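Everything below concerns the one structure shown next.
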Amino acid sequence: MKTIFTFLAFLPLFLVAQIRIPITNNMIINSNSNIKFIPGNYVFADPELNGVIQISGKQNITLDGDSCTVNGTNFQGYMIKIDNSSNIMIKNFDSVFNYKYAVYATNSSHININGNNFSRNKVDSAGWINVWADYQQALGGGVMMYQCRAAHIYNNTMKFQNDGVALYHCDSIRAHDNDFAWNTSYGIRMFWTDSCYIYNNIANHINRPFTDPSDCGALLMIISNENRVENNDLSWSGDGVFLGQYQHSNIPNNNYFAWNECSYSPHNAIEATFADGNVYKHNNCNYSDYGLWLGYSFNSIVDSNEITGNFHSGIAIDRGFSNSITHNTISDNPTGIELWKGNPITGYDTQLSKDYFISQNVIEGNTQGLSAINTQHLVAAGNQFNYNENQSIYLESTSTLDTISGNDFRMPTSYHIKNWSSNDIYAPGNSFEPNDSTLIAAKIYDKSDNIIKGQVNWNPAITGPAPAIQNNPPCDMAEPQSVWYAYPETGYPGPRIPDTVYFDSTEKVKGYASVKLVTGRGWDVALNYRPANDSVSRWSLTSQDTLYFWVRTIPNIMIGFQYFHIRIGDVAGNYYKYTASATLLTSANLIWKQYKVPLAGNSQFNRTMVGTMSLDKVNYVEFHADTWDYGYTLWVDGVQFQPCSPVTAIPPKTETGTNSLQIRPNPSDGNAWITYHLQESGNILLEMIDAQGTQVSTLASGYRQPGDYSIPVSKGFLPSGIYMIRLTTSEGSETERLVVVK
């Protein structure tokens with residue numbers, strides 16, 4: 001294995017007298033030269049492709065281009081061409097543009113490129129990029145290196161061209177603090193390049209606007225191993241990271257990706273295919289088509305990443321094996337984790353989907369939490385499955401040797417576990433909130449529901465507090481402390497606007513606030529009501545006849561809304577569906593309109609039934625709206641069943657030693673509600689702390705009696721980021737994370 005990061009010192013060229021000369025065409029530089037070029041605007045084409053400045057077989061050279069602008073005129077050739085040389089420093093060029101590459105280096109070592117602007121060189125916006133092409137098909141850009149090692153590239157700007165830096169068959173390159181944004185192929189392109197350290201670079205908005213953006217990306221790594229990639233901005237690019245190892249999967253990758261911002265990709269935040277032994281830690285993989293696509297990858301570690309709001313899946317792995325997924329926050333995705341054995345690819349026919357260890361993740365607010373289809377030996381242990389919609393865990397086909405234990409399942413809309421396979425599932429020692437055996441059984445789909453399915457052996461369950469029951473719906477469900485979630489359906493990616501749900505105290509019809517949903521996906525997003533404080537709705541609506549609600553919208557200007565329906569459902573997957581014309585939402589564009597839905601249905605709201613629904617066991621109400629893939633904004637207010645009865649609820653029991661600190665919505669735009677319960681009287685301090693540990697504000701302090709408290713947070717001015725909400729009492733401190741997304 002190659003030595004990692006062997007960066008040697010340059011010859012101290014300050015011992016060599018500096019000379020000041022102009023740049024001339026076909027300029028040959030000798031060894032031991034220390035040159036500061038005379039400032040000026042130079043124009044040199046290089047049709048012969050031999051370089052305006054030529055360094056061949058030389059050592060110990062410094063070229064200082066301070067206040068020099070060099071124009072190549074026709075996007076051909078190179079401003080500096082280096083071959084078989086070492087200890088070369090190139091610094092301070094104000095601008096080198098209109099070449100194929102500003103610097104083209106082959107078979108060289110210890111090249112130092114610092115403080116230059118190598119932007120606006122060769123650029124293409126059409127045509128598909130062949131990611132498997134070698135250096136002979138290099139596309140053009142800032143710097144190209146072939147068979148180079150121990151180079152240092154830092155503090156440069158290389159934008160508005162095909163590539164920032166292209167590295168072919170190189171090793172031990174250090175690239176940091178460069179700006180590679182707004183290129184059309186790659187920020188950094190690596191081909192058979194190992195043992196590099198890529199950190200603190202900006203490589204965002206890398207896209208090809210006239211073709212599929214999935215063939216370009218912030219960082220491309222083809223058969224490149226033993227690299228470290230840390231603290232880079234790789235967002236808003238075709239792929240944040242694309243790592244390919246096809247037909248070379250017997251070569252361990254062992255790359256390490258940490259603390260990178262990879263969000264807002266129209267394709268994948270991180271894609272690694274046919275890859276072995278890579279580690280992904282503390283990365284942001286949000287609001288992309290997929291958060292992490294790891295098809296045919298194995299021995300991967302996916303740990304402590306934020307994977308939120310993606311348009312298909314948070315983590316998707318086709319025919320992967322021996323992958324570990326731990327300590328991640330996976331929320332607001334159509335599917336949080338998706339594992340399956342798809343149709344085989346030639347050469348990988350025998351590779352199966354198997355041997356997954358999924359532990360200590362927070363999998364919250366997804367339409368489907370974890371899906372495993374044709375996957376064997378799945379271990380899911382110690383995860384929090386909070387408030388997912390259709391099911392927290394879904395198992396299908398040949399799901400064998402699976403273990404589901406030690407997880408905390410909080411009330412989904414439909415099922416905790418849905419076993420669609422014919423095999424029994426081993427699932428002891430999980431906690432289910434609320435802890436009600438009848439309710440738990442209703443929320444586990446298995447042989448009891450379908451005789452050809454396998455049994456889910458979920459007993460014994462970890463005992464917990466009895467459920468708090470909301471016996472009657474509130475007279476306005478769109479008021480704090482109710483909880484609303486937005487559940488997305490898998491669809492095409494739209495504008496990169498995060499899904500957020502929060503209370504809007506400004507735009508409202510009645511009460512304190514309305515519920516506001518902002519979504520960039522627009523592909524059948526379900527806005528779902530839940531009661532506060534983890535209580536469970538158990539409504540009998542046999543005495544009610546109508547659902548009333550107010551609605552206000554901002555649809556897509558061109559097409560309006562395409563689809564609209566309302567669901568009223570129970571705890572076991574049954575529901576009434578009230579389908580209405582989408583014009584009801586389109587006509588509420590920037591104005592409030594009230595609609596009345598007869599629970600028996602009518603010509604305006606056509607009622608159909610899924611399963612065996614009955615109005616005497618209603619658990620939720622849900623609003624579905626669709627603009628295909630264009631996104632929209634929707635407010636609802638005054639949501640109530642009439643005639644309305646006062647709310648009756650049993651206060652939730654709180655375990656000793658916990659104050660039940662909760663934040664809703666989360667993520668938010670900076671406006672949220674914080675709720676907590678005090679066991680004992682005493683002084684409290686509730687504070688907001690940023691990612692650097694600095695206190696942003698004190699939200700509450702002073703003496704409090706035992707009981708439940710709710711506090712609005714109005715911090716719309718906060719920049720996007722992660723903040724900690726810390727509650728300190730005489731019993732200790734409790735901290736929850738607030739994610740602010742603008």
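Just so we're on the same page: first chain in the structure tokens is A, next is B, and so on; residues restart at 1 for each chain, and ligands are numbered from 1 in the order they show up.
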Near segment 334-353 of chain A, 12 Å: segment 490-582 of chain A residue rows, closest pairs, only C-alpha atoms, as a tab-separated table:
residue	atom	partner	partner_atom	distance
A:Thr490	CA	A:Pro334	CA	5.3
A:Gly491	CA	A:Pro334	CA	8.6
A:Tyr492	CA	A:Pro334	CA	11.5
A:Pro493	CA	A:Pro334	CA	11.9
A:Asp499	CA	A:Pro334	CA	11.7
A:Arg521	CA	A:Pro334	CA	10.9
A:Trp523	CA	A:Pro334	CA	10.4
A:Asp524	CA	A:Pro334	CA	10.6
A:Val525	CA	A:Pro334	CA	9.6
A:Ala526	CA	A:Pro334	CA	10.9
Skipping near chain neighbours, those fewer than 6 positions away, what residues fall within 7 Å of Asn121 of chain A using only C-alpha atoms, listed as a PyMOL selection string? chain A and resi 75+97-101+140-142+161
Those same residues, written as a PDB file, in the first residue's frame with N, CA and C atoms?
ATOM      1  N   PHE A  75      -9.535  28.261 -25.829  1.00  0.00           N
ATOM      2  CA  PHE A  75      -9.793  27.062 -25.016  1.00  0.00           C
ATOM      3  C   PHE A  75      -8.959  25.864 -25.469  1.00  0.00           C
ATOM      4  N   PHE A  97      -7.139  32.158 -18.154  1.00  0.00           N
ATOM      5  CA  PHE A  97      -8.426  31.735 -18.674  1.00  0.00           C
ATOM      6  C   PHE A  97      -8.342  31.495 -20.178  1.00  0.00           C
ATOM      7  N   ASN A  98      -9.385  30.831 -20.687  1.00  0.00           N
ATOM      8  CA  ASN A  98      -9.516  30.517 -22.111  1.00  0.00           C
ATOM      9  C   ASN A  98      -8.484  29.498 -22.597  1.00  0.00           C
ATOM     10  N   TYR A  99      -7.944  28.666 -21.690  1.00  0.00           N
ATOM     11  CA  TYR A  99      -7.121  27.523 -22.071  1.00  0.00           C
ATOM     12  C   TYR A  99      -7.936  26.241 -21.871  1.00  0.00           C
ATOM     13  N   LYS A 100      -7.362  25.120 -22.347  1.00  0.00           N
ATOM     14  CA  LYS A 100      -7.977  23.847 -21.975  1.00  0.00           C
ATOM     15  C   LYS A 100      -7.743  23.613 -20.487  1.00  0.00           C
ATOM     16  N   TYR A 101      -6.492  23.688 -20.056  1.00  0.00           N
ATOM     17  CA  TYR A 101      -6.155  23.710 -18.631  1.00  0.00           C
ATOM     18  C   TYR A 101      -5.153  24.831 -18.401  1.00  0.00           C
ATOM     19  N   GLY A 140     -10.909  19.446 -19.519  1.00  0.00           N
ATOM     20  CA  GLY A 140     -10.487  20.834 -19.427  1.00  0.00           C
ATOM     21  C   GLY A 140     -10.910  21.462 -18.116  1.00  0.00           C
ATOM     22  N   GLY A 141     -10.178  22.511 -17.715  1.00  0.00           N
ATOM     23  CA  GLY A 141     -10.505  23.199 -16.475  1.00  0.00           C
ATOM     24  C   GLY A 141      -9.316  23.924 -15.898  1.00  0.00           C
ATOM     25  N   GLY A 142      -9.135  23.816 -14.583  1.00  0.00           N
ATOM     26  CA  GLY A 142      -8.084  24.562 -13.904  1.00  0.00           C
ATOM     27  C   GLY A 142      -6.743  23.868 -13.939  1.00  0.00           C
ATOM     28  N   GLN A 161     -15.942  26.313 -15.427  1.00  0.00           N
ATOM     29  CA  GLN A 161     -15.269  25.524 -16.456  1.00  0.00           C
ATOM     30  C   GLN A 161     -15.664  24.070 -16.223  1.00  0.00           C
TER      31      GLN A 161
END
Rank nothing, just name the residue among A:Lys577, A:Arg726, A:Arg704, A:Lys516 nearest to Leu686 of chain A, using only C-alpha atoms. A:Arg726
Please compute the atom CA of Asn32 of chain A-atom CA of Ala151 of chain A distance, one decimal, in Å. 18.2 Å
So that I can check the surroundings of segment 176-189 of chain A, please list as a ChimeraX atom specification every protein, DNA and RNA residue that reaches within 6 Å of it, counting only C-alpha atoms and ignoring chain neighbours fewer than 3 positions away. /A:154-167,198-208,216-220
